[in-house]
Amino acid sequence: MSYHINHLKELESESIFILREVAAKFENPVLMFSGGKDSILMVHLAYKAFYPAKIPFPLLHVDTGHNFPETIKYRDDLVEKLGLKLIVGSVEEGIKNGLVTEEKGFNAMRNGLQTAILLDELEKGKFDAALGGARRDEEKARAKERFFSHRDEFGQWDPKNQRPELWNLFNNKHQFGEHFRVFPISNWTELDVWQYLAVEQVELPSLYFSHKRKVFKRDGTLLADCEYINKRPEEEVFEEVVRCRTIGDMTCTGVWKSDAATIEDIIKEVSTTRMTERGGRTDDKRSETSMEDRKKHGYF
Amino acid sequence: MEYKSSELLRFTTAGSVDDGKSTLIGRLLYDSKSIYQDQYDAIKTASEKRGEENVNLALLTDGLKSEREQGITIDVAYRYFSTPKRKFIIADTPGHIQYTRNMVTGASTANVALIIVDARNGVVEQTKRHAIIASLLQIPHLVVCINKMDLVDYSQEIYDQVHDDFESFAAKLDINDVTFIPISALVGDNVVNRSKKTTWYEGPTLIYYLENVHISSDHNFIDVRFPVQSVIRPYNDDFHDYRGYAGRVAGGVLKKGDEVMLLPSGFTSKISKIQGPDGEQEEAFPPQSVTILIEDDIDISRGDMIVRPNNSATVAQDIDLMICWFSSDKSLQLRGKYAVLHTTQEVRCIVKEIKYRLDINTLHRDMENKEINMNEIARITIRTTKPLFVDAYRKNRITGSVIIIDEATNNTVAAGMII
């Protein structure tokens, strides 16, 4: 008699367990959806967790207004296919209303502005749990995250005072006005995600696969040429065959020279590459602990 | 494809301050080529900034600002790497006494614990504490890594001394599988690559051990336990009468057609269908998440448990526990009321009795001083407001564990193992 399952099935089972715990233990959960592969995986797992019932929570997308058009199309198609409710928090609106102020200068981006918009939406929707697709292998501050991560009434994370998390018993108790961030795919690595998406044959946005795009180079990273980035005069635009390893907003997502046209190509690329996927994220490079600093304030 | 058959192994690391735990993890990641170039460059720059001579591999795991400042690990950090044989999840836990609760956390889900001993210092109080925690938490396999062998001239005598000291202490504990490996995390001896300087050592390298230790029997496949997480009711035309019980198998093998008993009602029925993530399946076993459908229309909800009629969990309200106390603000209160989480149940409890405090250096059971403060271990009895469906922790880590929550602060104040 031999009963054992491979690592992808075990990770899948763990994530489904957590998604179901969230639905059972919280009053009003929401799934933060960015359009990236990790949030696509989250939706896929949630579909399985509650099948044949519908996913029992809405999706929340914080739209910087600088998204790749491919991301928005994929998001809208997915929502329609699964019959989900979508909430869009708009950074553009936030700037107009004076909730946040646009950054200035060459490296201006709206990444940091998303936090205020996100917290505003969570408060408006009275959400007590926000499900996120963050993974511990992504970044050193994320490596310390719990599955159920407590946030105070200001949405802040206190990394030095986290609740111990044992076995599969998740303490979700909180005061009114506080909320939890829950990360069901904490234990997945980038490679696990790709392998799983391949096995499951999940449809993905075209941005992840190699395509021709107008790009320019900044601080060793290739960025997509678009109207939202102020280029320096010496930053020359050229055409390159690239793909995205992560998908964020156009202003901070680096693209990679790559010929990976299929998911199997991507797996090969990911398993031999010498750079982390966030290595192209200019939002992480602002300081040694920029992720921890942003997370403390309520970033994803 | 090869990756489809790879197994997942979770291990935890424990050691005293400066035993080189973070360095060992850095070494495992580095030598197994799991460190990316940009990560390596980042820690290289950070090491130079700090005025350190060598690239400090510990910076890979010490991610928080305050950890980098103090040069110690404060919180559990999770790390991932894989070899062609297995995928590994490391819970890197702090060695300092005030962070013992984090070691307990990391240990709770581990298949293997690495206890790191500084060869120069031998078995110290912390080592004993870690061995006790590994024993209490019933980590199936234990590896004592005798580190910094390079600083003791790779002396077999020192290795033997640590080996004997640890074994004589462990004999008093509930530990059955211990392996000793002489290593140098800094230089890399016997971590991934076999050392030429320990010719007297014939055992495996650390990575060989981790790749090959037998873990498929770490779950309980005998006693059927299925705590119900939620009821799946689609309320649509295609699945009009569908009523599925979602959960993760905590023990045993459930098969379609099996007779089952429901707790607390005691009603029996048969499994009519098992819905898995990929569709219908014939059987379900730990740690699978599935949805179970039964033949009869019986009222079942979250917190109930599916078992077999001739092999039930114990239905109990008076429960004996070994606990590790976590709270720094308050000690355990006799007659105090707390919230308790067990499988998918949430109840309240009163602490009926504190039997003894376990002195973890001498293993003495102190019946006199029974004040239980942070990081202390005690045997207690609680009475719960509703019956729980329990097994001894030795028999099943899932149905045998609880956490205790202070309702005033909502903090998790203790981990409990059912006796």
# chains A, B, ... in the order shown; residues from 1 in each chain; ligands from 1
call {"tool": "residues_around", "arguments": {"residues": "Glu7 of chain B", "least_positions_apart": "3", "cutoff": "6 Å", "atoms": "only C-alpha atoms", "output": "ChimeraX atom specification"}}
result
/A:6-7 /B:86
call {"tool": "write_last_selection", "arguments": {"atoms": "all heavy atoms", "output": "PDB file, in the first residue's frame"}}
result
ATOM      1  N   ASN A   6       2.387  13.958  -5.095  1.00  0.00           N
ATOM      2  CA  ASN A   6       3.580  14.739  -5.423  1.00  0.00           C
ATOM      3  C   ASN A   6       3.468  16.156  -4.863  1.00  0.00           C
ATOM      4  O   ASN A   6       2.435  16.556  -4.340  1.00  0.00           O
ATOM      5  CB  ASN A   6       3.843  14.735  -6.932  1.00  0.00           C
ATOM      6  CG  ASN A   6       2.837  15.560  -7.707  1.00  0.00           C
ATOM      7  OD1 ASN A   6       2.454  16.661  -7.287  1.00  0.00           O
ATOM      8  ND2 ASN A   6       2.393  15.057  -8.835  1.00  0.00           N
ATOM      9  N   HIS A   7       4.569  16.893  -4.950  1.00  0.00           N
ATOM     10  CA  HIS A   7       4.616  18.200  -4.273  1.00  0.00           C
ATOM     11  C   HIS A   7       3.566  19.176  -4.796  1.00  0.00           C
ATOM     12  O   HIS A   7       3.026  19.968  -4.040  1.00  0.00           O
ATOM     13  CB  HIS A   7       6.016  18.796  -4.346  1.00  0.00           C
ATOM     14  CG  HIS A   7       6.438  19.275  -5.700  1.00  0.00           C
ATOM     15  ND1 HIS A   7       6.748  18.423  -6.727  1.00  0.00           N
ATOM     16  CD2 HIS A   7       6.584  20.530  -6.190  1.00  0.00           C
ATOM     17  CE1 HIS A   7       7.092  19.133  -7.795  1.00  0.00           C
ATOM     18  NE2 HIS A   7       6.990  20.416  -7.494  1.00  0.00           N
TER      19      HIS A   7
ATOM     20  N   ARG B  86      13.698  15.890  -4.565  1.00  0.00           N
ATOM     21  CA  ARG B  86      12.672  16.410  -3.676  1.00  0.00           C
ATOM     22  C   ARG B  86      12.593  17.926  -3.706  1.00  0.00           C
ATOM     23  O   ARG B  86      13.557  18.607  -4.060  1.00  0.00           O
ATOM     24  CB  ARG B  86      12.966  15.983  -2.220  1.00  0.00           C
ATOM     25  CG  ARG B  86      12.367  14.657  -1.889  1.00  0.00           C
ATOM     26  CD  ARG B  86      12.582  14.293  -0.441  1.00  0.00           C
ATOM     27  NE  ARG B  86      12.016  12.960  -0.210  1.00  0.00           N
ATOM     28  CZ  ARG B  86      12.301  12.180   0.805  1.00  0.00           C
ATOM     29  NH1 ARG B  86      13.142  12.576   1.723  1.00  0.00           N
ATOM     30  NH2 ARG B  86      11.735  10.996   0.927  1.00  0.00           N
TER      31      ARG B  86
END
call {"tool": "residues_around", "arguments": {"residues": "segment 137-153 of chain B", "least_positions_apart": "3", "cutoff": "8 Å", "atoms": "only C-alpha atoms", "output": "ChimeraX atom specification"}}
result
/B:19-20,104,107-108,110-120,133-134,158-159,162,174-187,218,394,417
call {"tool": "atom_distance", "arguments": {"atom1": "atom CA of Val193 of chain A", "atom2": "atom CA of Ala260 of chain A"}}
result
16.1 Å
call {"tool": "interface_residues", "arguments": {"of": "chain A", "to": "chain B", "cutoff": "7 Å", "atoms": "only C-alpha atoms", "output": "PDB file with N, CA, C and O atoms, in the first residue's frame"}}
result
ATOM      1  N   HIS A   4       0.917   8.254  -1.587  1.00  0.00           N
ATOM      2  CA  HIS A   4       1.540   9.572  -1.473  1.00  0.00           C
ATOM      3  C   HIS A   4       1.296  10.401  -2.713  1.00  0.00           C
ATOM      4  O   HIS A   4       1.054   9.893  -3.794  1.00  0.00           O
ATOM      5  N   ASN A   6       2.387  13.958  -5.095  1.00  0.00           N
ATOM      6  CA  ASN A   6       3.580  14.739  -5.423  1.00  0.00           C
ATOM      7  C   ASN A   6       3.468  16.156  -4.863  1.00  0.00           C
ATOM      8  O   ASN A   6       2.435  16.556  -4.340  1.00  0.00           O
ATOM      9  N   HIS A   7       4.569  16.893  -4.950  1.00  0.00           N
ATOM     10  CA  HIS A   7       4.616  18.200  -4.273  1.00  0.00           C
ATOM     11  C   HIS A   7       3.566  19.176  -4.796  1.00  0.00           C
ATOM     12  O   HIS A   7       3.026  19.968  -4.040  1.00  0.00           O
ATOM     13  N   GLU A  10       0.296  18.302  -3.227  1.00  0.00           N
ATOM     14  CA  GLU A  10       0.293  18.651  -1.809  1.00  0.00           C
ATOM     15  C   GLU A  10       0.124  20.161  -1.608  1.00  0.00           C
ATOM     16  O   GLU A  10      -0.625  20.614  -0.743  1.00  0.00           O
ATOM     17  N   SER A  13      -3.481  21.020  -2.337  1.00  0.00           N
ATOM     18  CA  SER A  13      -4.351  20.638  -1.236  1.00  0.00           C
ATOM     19  C   SER A  13      -4.258  21.629  -0.070  1.00  0.00           C
ATOM     20  O   SER A  13      -5.258  22.010   0.530  1.00  0.00           O
ATOM     21  N   ILE A  16      -6.079  24.870  -1.103  1.00  0.00           N
ATOM     22  CA  ILE A  16      -7.533  24.682  -1.094  1.00  0.00           C
ATOM     23  C   ILE A  16      -8.047  24.687   0.346  1.00  0.00           C
ATOM     24  O   ILE A  16      -9.053  25.317   0.662  1.00  0.00           O
ATOM     25  N   PHE A  17      -7.310  24.011   1.224  1.00  0.00           N
ATOM     26  CA  PHE A  17      -7.688  23.995   2.640  1.00  0.00           C
ATOM     27  C   PHE A  17      -7.784  25.429   3.182  1.00  0.00           C
ATOM     28  O   PHE A  17      -8.743  25.794   3.853  1.00  0.00           O
ATOM     29  N   ARG A  20     -10.727  27.436   1.809  1.00  0.00           N
ATOM     30  CA  ARG A  20     -11.987  27.016   2.445  1.00  0.00           C
ATOM     31  C   ARG A  20     -12.083  27.532   3.883  1.00  0.00           C
ATOM     32  O   ARG A  20     -13.169  27.876   4.349  1.00  0.00           O
ATOM     33  N   GLU A  21     -10.941  27.567   4.578  1.00  0.00           N
ATOM     34  CA  GLU A  21     -10.946  28.125   5.935  1.00  0.00           C
ATOM     35  C   GLU A  21     -11.380  29.582   5.906  1.00  0.00           C
ATOM     36  O   GLU A  21     -12.147  30.039   6.743  1.00  0.00           O
ATOM     37  N   ALA A  24     -15.034  29.943   5.416  1.00  0.00           N
ATOM     38  CA  ALA A  24     -15.819  29.505   6.565  1.00  0.00           C
ATOM     39  C   ALA A  24     -15.667  30.421   7.770  1.00  0.00           C
ATOM     40  O   ALA A  24     -16.584  30.576   8.563  1.00  0.00           O
ATOM     41  N   LYS A  48     -11.578  25.387  -7.811  1.00  0.00           N
ATOM     42  CA  LYS A  48     -11.559  23.979  -7.407  1.00  0.00           C
ATOM     43  C   LYS A  48     -12.047  23.785  -5.977  1.00  0.00           C
ATOM     44  O   LYS A  48     -12.697  22.784  -5.672  1.00  0.00           O
ATOM     45  N   PHE A  50     -14.284  25.289  -4.250  1.00  0.00           N
ATOM     46  CA  PHE A  50     -15.711  25.418  -3.973  1.00  0.00           C
ATOM     47  C   PHE A  50     -16.595  24.745  -5.012  1.00  0.00           C
ATOM     48  O   PHE A  50     -17.820  24.772  -4.893  1.00  0.00           O
ATOM     49  N   PRO A  52     -18.919  22.276  -6.928  1.00  0.00           N
ATOM     50  CA  PRO A  52     -19.539  22.972  -8.059  1.00  0.00           C
ATOM     51  C   PRO A  52     -20.227  24.286  -7.685  1.00  0.00           C
ATOM     52  O   PRO A  52     -20.927  24.852  -8.514  1.00  0.00           O
ATOM     53  N   ALA A  53     -20.012  24.752  -6.451  1.00  0.00           N
ATOM     54  CA  ALA A  53     -20.557  26.073  -6.107  1.00  0.00           C
ATOM     55  C   ALA A  53     -19.639  27.150  -6.699  1.00  0.00           C
ATOM     56  O   ALA A  53     -18.502  26.871  -7.053  1.00  0.00           O
ATOM     57  N   LYS A  54     -20.149  28.366  -6.769  1.00  0.00           N
ATOM     58  CA  LYS A  54     -19.346  29.479  -7.272  1.00  0.00           C
ATOM     59  C   LYS A  54     -18.348  29.935  -6.215  1.00  0.00           C
ATOM     60  O   LYS A  54     -18.549  29.721  -5.027  1.00  0.00           O
ATOM     61  N   ARG A 136       6.251  33.229  -0.382  1.00  0.00           N
ATOM     62  CA  ARG A 136       7.382  33.493   0.503  1.00  0.00           C
ATOM     63  C   ARG A 136       8.718  33.463  -0.229  1.00  0.00           C
ATOM     64  O   ARG A 136       9.697  34.014   0.251  1.00  0.00           O
ATOM     65  N   ASP A 137       8.788  32.800  -1.369  1.00  0.00           N
ATOM     66  CA  ASP A 137      10.081  32.725  -2.053  1.00  0.00           C
ATOM     67  C   ASP A 137      10.379  33.982  -2.858  1.00  0.00           C
ATOM     68  O   ASP A 137      11.461  34.156  -3.377  1.00  0.00           O
ATOM     69  N   LYS A 140      12.636  38.632   0.617  1.00  0.00           N
ATOM     70  CA  LYS A 140      13.031  38.248   1.969  1.00  0.00           C
ATOM     71  C   LYS A 140      12.042  38.659   3.062  1.00  0.00           C
ATOM     72  O   LYS A 140      11.906  37.961   4.061  1.00  0.00           O
ATOM     73  N   ALA A 141      11.329  39.776   2.893  1.00  0.00           N
ATOM     74  CA  ALA A 141      10.335  40.145   3.909  1.00  0.00           C
ATOM     75  C   ALA A 141       9.114  39.237   3.801  1.00  0.00           C
ATOM     76  O   ALA A 141       8.505  38.861   4.799  1.00  0.00           O
ATOM     77  N   ALA A 143       9.218  36.235   3.065  1.00  0.00           N
ATOM     78  CA  ALA A 143       9.599  34.919   3.607  1.00  0.00           C
ATOM     79  C   ALA A 143       9.154  34.772   5.049  1.00  0.00           C
ATOM     80  O   ALA A 143       9.126  33.683   5.594  1.00  0.00           O
ATOM     81  N   LYS A 144       8.817  35.878   5.687  1.00  0.00           N
ATOM     82  CA  LYS A 144       8.446  35.849   7.109  1.00  0.00           C
ATOM     83  C   LYS A 144       6.943  35.937   7.305  1.00  0.00           C
ATOM     84  O   LYS A 144       6.465  36.045   8.428  1.00  0.00           O
ATOM     85  N   ARG A 163       1.554  36.482  15.108  1.00  0.00           N
ATOM     86  CA  ARG A 163       1.033  35.346  15.845  1.00  0.00           C
ATOM     87  C   ARG A 163       1.699  34.056  15.384  1.00  0.00           C
ATOM     88  O   ARG A 163       1.850  33.844  14.185  1.00  0.00           O
ATOM     89  N   PRO A 164       2.086  33.219  16.336  1.00  0.00           N
ATOM     90  CA  PRO A 164       2.648  31.943  15.897  1.00  0.00           C
ATOM     91  C   PRO A 164       1.592  31.144  15.152  1.00  0.00           C
ATOM     92  O   PRO A 164       0.403  31.227  15.473  1.00  0.00           O
ATOM     93  N   GLU A 165       2.004  30.408  14.153  1.00  0.00           N
ATOM     94  CA  GLU A 165       1.049  29.657  13.343  1.00  0.00           C
ATOM     95  C   GLU A 165       1.422  28.187  13.381  1.00  0.00           C
ATOM     96  O   GLU A 165       2.494  27.811  12.913  1.00  0.00           O
ATOM     97  N   LEU A 166       0.569  27.373  13.990  1.00  0.00           N
ATOM     98  CA  LEU A 166       0.911  25.966  14.208  1.00  0.00           C
ATOM     99  C   LEU A 166      -0.035  25.029  13.505  1.00  0.00           C
ATOM    100  O   LEU A 166      -1.231  25.301  13.409  1.00  0.00           O
ATOM    101  N   TRP A 167       0.519  23.884  13.094  1.00  0.00           N
ATOM    102  CA  TRP A 167      -0.248  22.843  12.414  1.00  0.00           C
ATOM    103  C   TRP A 167      -1.106  23.488  11.337  1.00  0.00           C
ATOM    104  O   TRP A 167      -0.596  24.291  10.564  1.00  0.00           O
ATOM    105  N   LEU A 169      -3.969  25.130  12.239  1.00  0.00           N
ATOM    106  CA  LEU A 169      -4.938  25.861  13.063  1.00  0.00           C
ATOM    107  C   LEU A 169      -4.678  27.355  12.924  1.00  0.00           C
ATOM    108  O   LEU A 169      -3.649  27.852  13.366  1.00  0.00           O
ATOM    109  N   LYS A 173      -8.906  35.650  14.841  1.00  0.00           N
ATOM    110  CA  LYS A 173      -9.655  36.568  15.704  1.00  0.00           C
ATOM    111  C   LYS A 173      -9.097  37.984  15.589  1.00  0.00           C
ATOM    112  O   LYS A 173      -7.893  38.194  15.556  1.00  0.00           O
ATOM    113  N   HIS A 174      -9.990  38.930  15.509  1.00  0.00           N
ATOM    114  CA  HIS A 174      -9.557  40.312  15.364  1.00  0.00           C
ATOM    115  C   HIS A 174     -10.612  41.264  15.899  1.00  0.00           C
ATOM    116  O   HIS A 174     -11.773  40.907  16.039  1.00  0.00           O
ATOM    117  N   ARG A 274      19.364  32.452 -13.565  1.00  0.00           N
ATOM    118  CA  ARG A 274      20.142  32.824 -12.397  1.00  0.00           C
ATOM    119  C   ARG A 274      19.611  34.097 -11.745  1.00  0.00           C
ATOM    120  O   ARG A 274      20.257  34.679 -10.894  1.00  0.00           O
ATOM    121  N   MET A 275      18.437  34.561 -12.169  1.00  0.00           N
ATOM    122  CA  MET A 275      17.883  35.788 -11.583  1.00  0.00           C
ATOM    123  C   MET A 275      16.511  35.493 -10.989  1.00  0.00           C
ATOM    124  O   MET A 275      15.741  34.725 -11.547  1.00  0.00           O
ATOM    125  N   THR A 276      16.183  36.107  -9.861  1.00  0.00           N
ATOM    126  CA  THR A 276      14.846  35.944  -9.294  1.00  0.00           C
ATOM    127  C   THR A 276      13.847  36.711 -10.142  1.00  0.00           C
ATOM    128  O   THR A 276      14.209  37.637 -10.858  1.00  0.00           O
ATOM    129  N   GLY A 279      13.709  40.325  -9.731  1.00  0.00           N
ATOM    130  CA  GLY A 279      14.947  41.009 -10.092  1.00  0.00           C
ATOM    131  C   GLY A 279      14.718  42.138 -11.082  1.00  0.00           C
ATOM    132  O   GLY A 279      15.500  43.072 -11.173  1.00  0.00           O
ATOM    133  N   THR A 289      15.366  47.201   2.146  1.00  0.00           N
ATOM    134  CA  THR A 289      14.184  46.650   2.806  1.00  0.00           C
ATOM    135  C   THR A 289      12.901  47.287   2.278  1.00  0.00           C
ATOM    136  O   THR A 289      11.943  47.478   3.004  1.00  0.00           O
TER     137      THR A 289
END
call {"tool": "select_by_dssp", "arguments": {"residues": "segment 70-256 of chain B", "states": "strand (DSSP E or B)", "output": "JSON, numbers by chain"}}
result
{"B": [77, 78, 79, 80, 81, 82, 86, 87, 88, 89, 90, 91, 92, 112, 113, 114, 115, 116, 117, 118, 141, 142, 143, 144, 145, 146, 147, 178, 179, 180, 181, 182, 184, 189, 193, 225, 226, 227, 230, 231, 232, 244, 245, 246, 247, 248, 251, 254, 255]}
call {"tool": "write_last_selection", "arguments": {"atoms": "C-alpha atoms", "output": "JSON list (two decimals), in the first residue's frame"}}
result
[["chain", "number", "residue", "atom", "x", "y", "z"],
["B", 77, "ALA", "CA", 11.70, 32.47, 7.83],
["B", 78, "TYR", "CA", 10.59, 30.07, 5.18],
["B", 79, "ARG", "CA", 12.97, 29.04, 2.45],
["B", 80, "TYR", "CA", 12.53, 26.83, -0.55],
["B", 81, "PHE", "CA", 14.85, 24.78, -2.64],
["B", 82, "SER", "CA", 14.69, 21.65, -4.63],
["B", 86, "ARG", "CA", 12.67, 16.41, -3.68],
["B", 87, "LYS", "CA", 11.28, 19.83, -3.01],
["B", 88, "PHE", "CA", 12.19, 21.24, 0.39],
["B", 89, "ILE", "CA", 10.49, 23.77, 2.63],
["B", 90, "ILE", "CA", 12.73, 25.04, 5.41],
["B", 91, "ALA", "CA", 11.32, 26.73, 8.48],
["B", 92, "ASP", "CA", 14.34, 28.58, 9.80],
["B", 112, "VAL", "CA", 12.59, 16.47, 9.95],
["B", 113, "ALA", "CA", 14.29, 18.71, 12.50],
["B", 114, "LEU", "CA", 17.90, 19.78, 12.19],
["B", 115, "ILE", "CA", 19.42, 20.59, 15.55],
["B", 116, "ILE", "CA", 22.62, 22.50, 15.16],
["B", 117, "VAL", "CA", 25.35, 22.15, 17.75],
["B", 118, "ASP", "CA", 28.52, 24.22, 17.84],
["B", 141, "HIS", "CA", 13.14, 12.42, 12.19],
["B", 142, "LEU", "CA", 15.94, 14.26, 13.90],
["B", 143, "VAL", "CA", 19.37, 15.23, 12.59],
["B", 144, "VAL", "CA", 22.03, 16.58, 14.92],
["B", 145, "CYS", "CA", 24.37, 18.70, 12.80],
["B", 146, "ILE", "CA", 27.66, 19.11, 14.60],
["B", 147, "ASN", "CA", 28.75, 22.37, 13.05],
["B", 178, "VAL", "CA", 18.33, 10.39, 15.26],
["B", 179, "THR", "CA", 21.20, 10.87, 12.82],
["B", 180, "PHE", "CA", 24.48, 12.68, 13.58],
["B", 181, "ILE", "CA", 26.41, 14.52, 10.86],
["B", 182, "PRO", "CA", 29.71, 16.43, 11.31],
["B", 184, "SER", "CA", 31.05, 22.95, 8.51],
["B", 189, "ASP", "CA", 31.90, 20.09, 4.64],
["B", 193, "ASN", "CA", 29.61, 17.86, -0.80],
["B", 225, "ARG", "CA", -10.59, 11.18, 10.45],
["B", 226, "PHE", "CA", -12.26, 13.81, 8.27],
["B", 227, "PRO", "CA", -12.99, 17.12, 10.01],
["B", 230, "SER", "CA", -17.73, 23.59, 5.26],
["B", 231, "VAL", "CA", -20.78, 22.42, 3.40],
["B", 232, "ILE", "CA", -20.74, 22.97, -0.35],
["B", 244, "GLY", "CA", -20.87, 18.07, -0.22],
["B", 245, "TYR", "CA", -18.69, 18.14, 2.87],
["B", 246, "ALA", "CA", -15.43, 19.91, 2.22],
["B", 247, "GLY", "CA", -12.34, 19.08, 4.23],
["B", 248, "ARG", "CA", -8.76, 17.86, 4.32],
["B", 251, "GLY", "CA", -6.18, 10.39, 8.87],
["B", 254, "LEU", "CA", -11.78, 7.00, 2.79],
["B", 255, "LYS", "CA", -13.23, 4.96, -0.06]]
call {"tool": "residues_around", "arguments": {"residues": "Trp194 of chain A", "least_positions_apart": "3", "cutoff": "8 Å", "atoms": "only C-alpha atoms", "output": "PyMOL selection string"}}
result
chain A and resi 190-191+197-198+263+266-267
call {"tool": "closest_residue", "arguments": {"among": "B:Ser269, B:Lys370, B:Pro264, B:Glu282", "to": "Val390 of chain B", "atoms": "only C-alpha atoms"}}
result
B:Pro264
call {"tool": "select_by_dssp", "arguments": {"residues": "segment 45-154 of chain A", "states": "helix (DSSP H, G or I)", "output": "VMD selection string"}}
result
chain A and resid 45 to 50 69 to 82 91 to 97 113 to 124 142 to 144
call {"tool": "residues_around", "arguments": {"residues": "Arg213 of chain A", "least_positions_apart": "3", "cutoff": "12 Å", "atoms": "only C-alpha atoms", "output": "MDAnalysis selection string"}}
result
chainID A and resid 207 209:210 216 222:226 237:244 255:258
call {"tool": "write_last_selection", "arguments": {"atoms": "C-alpha atoms", "output": "tab-separated table (two decimals), in the first residue's frame"}}
result
chain	number	residue	atom	x	y	z
A	207	LEU	CA	2.44	38.97	-21.90
A	209	PHE	CA	5.10	34.54	-23.59
A	210	SER	CA	7.78	35.93	-25.86
A	216	PHE	CA	14.38	50.77	-23.47
A	222	LEU	CA	14.45	46.47	-19.88
A	223	LEU	CA	11.20	48.40	-19.55
A	224	ALA	CA	8.34	48.51	-22.00
A	225	ASP	CA	8.15	51.80	-23.84
A	226	CYS	CA	4.86	53.48	-22.97
A	237	VAL	CA	13.88	52.87	-27.68
A	238	PHE	CA	14.50	49.66	-29.61
A	239	GLU	CA	12.61	46.53	-30.53
A	240	GLU	CA	13.32	43.27	-28.72
A	241	VAL	CA	11.83	39.81	-28.32
A	242	VAL	CA	10.80	39.76	-24.67
A	243	ARG	CA	8.38	38.39	-22.12
A	244	CYS	CA	7.25	39.37	-18.62
A	255	VAL	CA	10.62	42.67	-19.40
A	256	TRP	CA	13.13	39.95	-20.18
A	257	LYS	CA	14.80	38.99	-23.40
A	258	SER	CA	13.32	35.59	-23.99
call {"tool": "residues_around", "arguments": {"residues": "Phe147 of chain A", "least_positions_apart": "2", "cutoff": "9 Å", "atoms": "only C-alpha atoms", "output": "PyMOL selection string"}}
result
chain A and resi 18+145+149+165+170+181-186
call {"tool": "atom_distance", "arguments": {"atom1": "atom CA of Arg146 of chain A", "atom2": "atom CA of Gln162 of chain A"}}
result
7.8 Å
call {"tool": "atom_distance", "arguments": {"atom1": "atom CA of Glu368 of chain B", "atom2": "atom CA of Asp320 of chain B"}}
result
19.0 Å
call {"tool": "residues_around", "arguments": {"residues": "Gly83 of chain A", "least_positions_apart": "4", "cutoff": "9 Å", "atoms": "only C-alpha atoms", "output": "list in words"}}
result
Lys54, Ile55, Leu78 and Val79 of chain A
call {"tool": "write_last_selection", "arguments": {"atoms": "all heavy atoms", "output": "PDB file, in the first residue's frame"}}
result
ATOM      1  N   LYS A  54     -20.149  28.366  -6.769  1.00  0.00           N
ATOM      2  CA  LYS A  54     -19.346  29.479  -7.272  1.00  0.00           C
ATOM      3  C   LYS A  54     -18.348  29.935  -6.215  1.00  0.00           C
ATOM      4  O   LYS A  54     -18.549  29.721  -5.027  1.00  0.00           O
ATOM      5  CB  LYS A  54     -20.264  30.666  -7.589  1.00  0.00           C
ATOM      6  CG  LYS A  54     -20.671  30.730  -9.029  1.00  0.00           C
ATOM      7  CD  LYS A  54     -21.343  32.070  -9.287  1.00  0.00           C
ATOM      8  CE  LYS A  54     -22.159  31.986 -10.563  1.00  0.00           C
ATOM      9  NZ  LYS A  54     -23.014  33.166 -10.741  1.00  0.00           N
ATOM     10  N   ILE A  55     -17.284  30.596  -6.639  1.00  0.00           N
ATOM     11  CA  ILE A  55     -16.325  31.171  -5.689  1.00  0.00           C
ATOM     12  C   ILE A  55     -17.076  32.173  -4.806  1.00  0.00           C
ATOM     13  O   ILE A  55     -17.701  33.097  -5.330  1.00  0.00           O
ATOM     14  CB  ILE A  55     -15.171  31.874  -6.444  1.00  0.00           C
ATOM     15  CG1 ILE A  55     -14.393  30.846  -7.270  1.00  0.00           C
ATOM     16  CG2 ILE A  55     -14.252  32.598  -5.466  1.00  0.00           C
ATOM     17  CD1 ILE A  55     -13.306  31.438  -8.150  1.00  0.00           C
ATOM     18  N   LEU A  78     -12.053  36.628 -17.564  1.00  0.00           N
ATOM     19  CA  LEU A  78     -12.079  35.651 -16.479  1.00  0.00           C
ATOM     20  C   LEU A  78     -13.297  35.851 -15.582  1.00  0.00           C
ATOM     21  O   LEU A  78     -14.002  34.908 -15.213  1.00  0.00           O
ATOM     22  CB  LEU A  78     -10.793  35.765 -15.650  1.00  0.00           C
ATOM     23  CG  LEU A  78     -10.625  34.744 -14.528  1.00  0.00           C
ATOM     24  CD1 LEU A  78     -10.324  33.368 -15.111  1.00  0.00           C
ATOM     25  CD2 LEU A  78      -9.486  35.146 -13.592  1.00  0.00           C
ATOM     26  N   VAL A  79     -13.543  37.103 -15.243  1.00  0.00           N
ATOM     27  CA  VAL A  79     -14.671  37.440 -14.382  1.00  0.00           C
ATOM     28  C   VAL A  79     -15.981  37.009 -15.028  1.00  0.00           C
ATOM     29  O   VAL A  79     -16.858  36.448 -14.369  1.00  0.00           O
ATOM     30  CB  VAL A  79     -14.664  38.966 -14.087  1.00  0.00           C
ATOM     31  CG1 VAL A  79     -15.993  39.429 -13.533  1.00  0.00           C
ATOM     32  CG2 VAL A  79     -13.534  39.301 -13.125  1.00  0.00           C
TER      33      VAL A  79
END
call {"tool": "residues_around", "arguments": {"residues": "Leu358 of chain B", "least_positions_apart": "2", "cutoff": "12 Å", "atoms": "only C-alpha atoms", "output": "ChimeraX atom specification"}}
result
/B:129,132-133,136,322-325,354-356,360-373,375-380
call {"tool": "closest_residue", "arguments": {"among": "B:Tyr154, B:Tyr209, B:Phe389, B:Tyr30", "to": "Ala313 of chain B", "atoms": "only C-alpha atoms"}}
result
B:Phe389
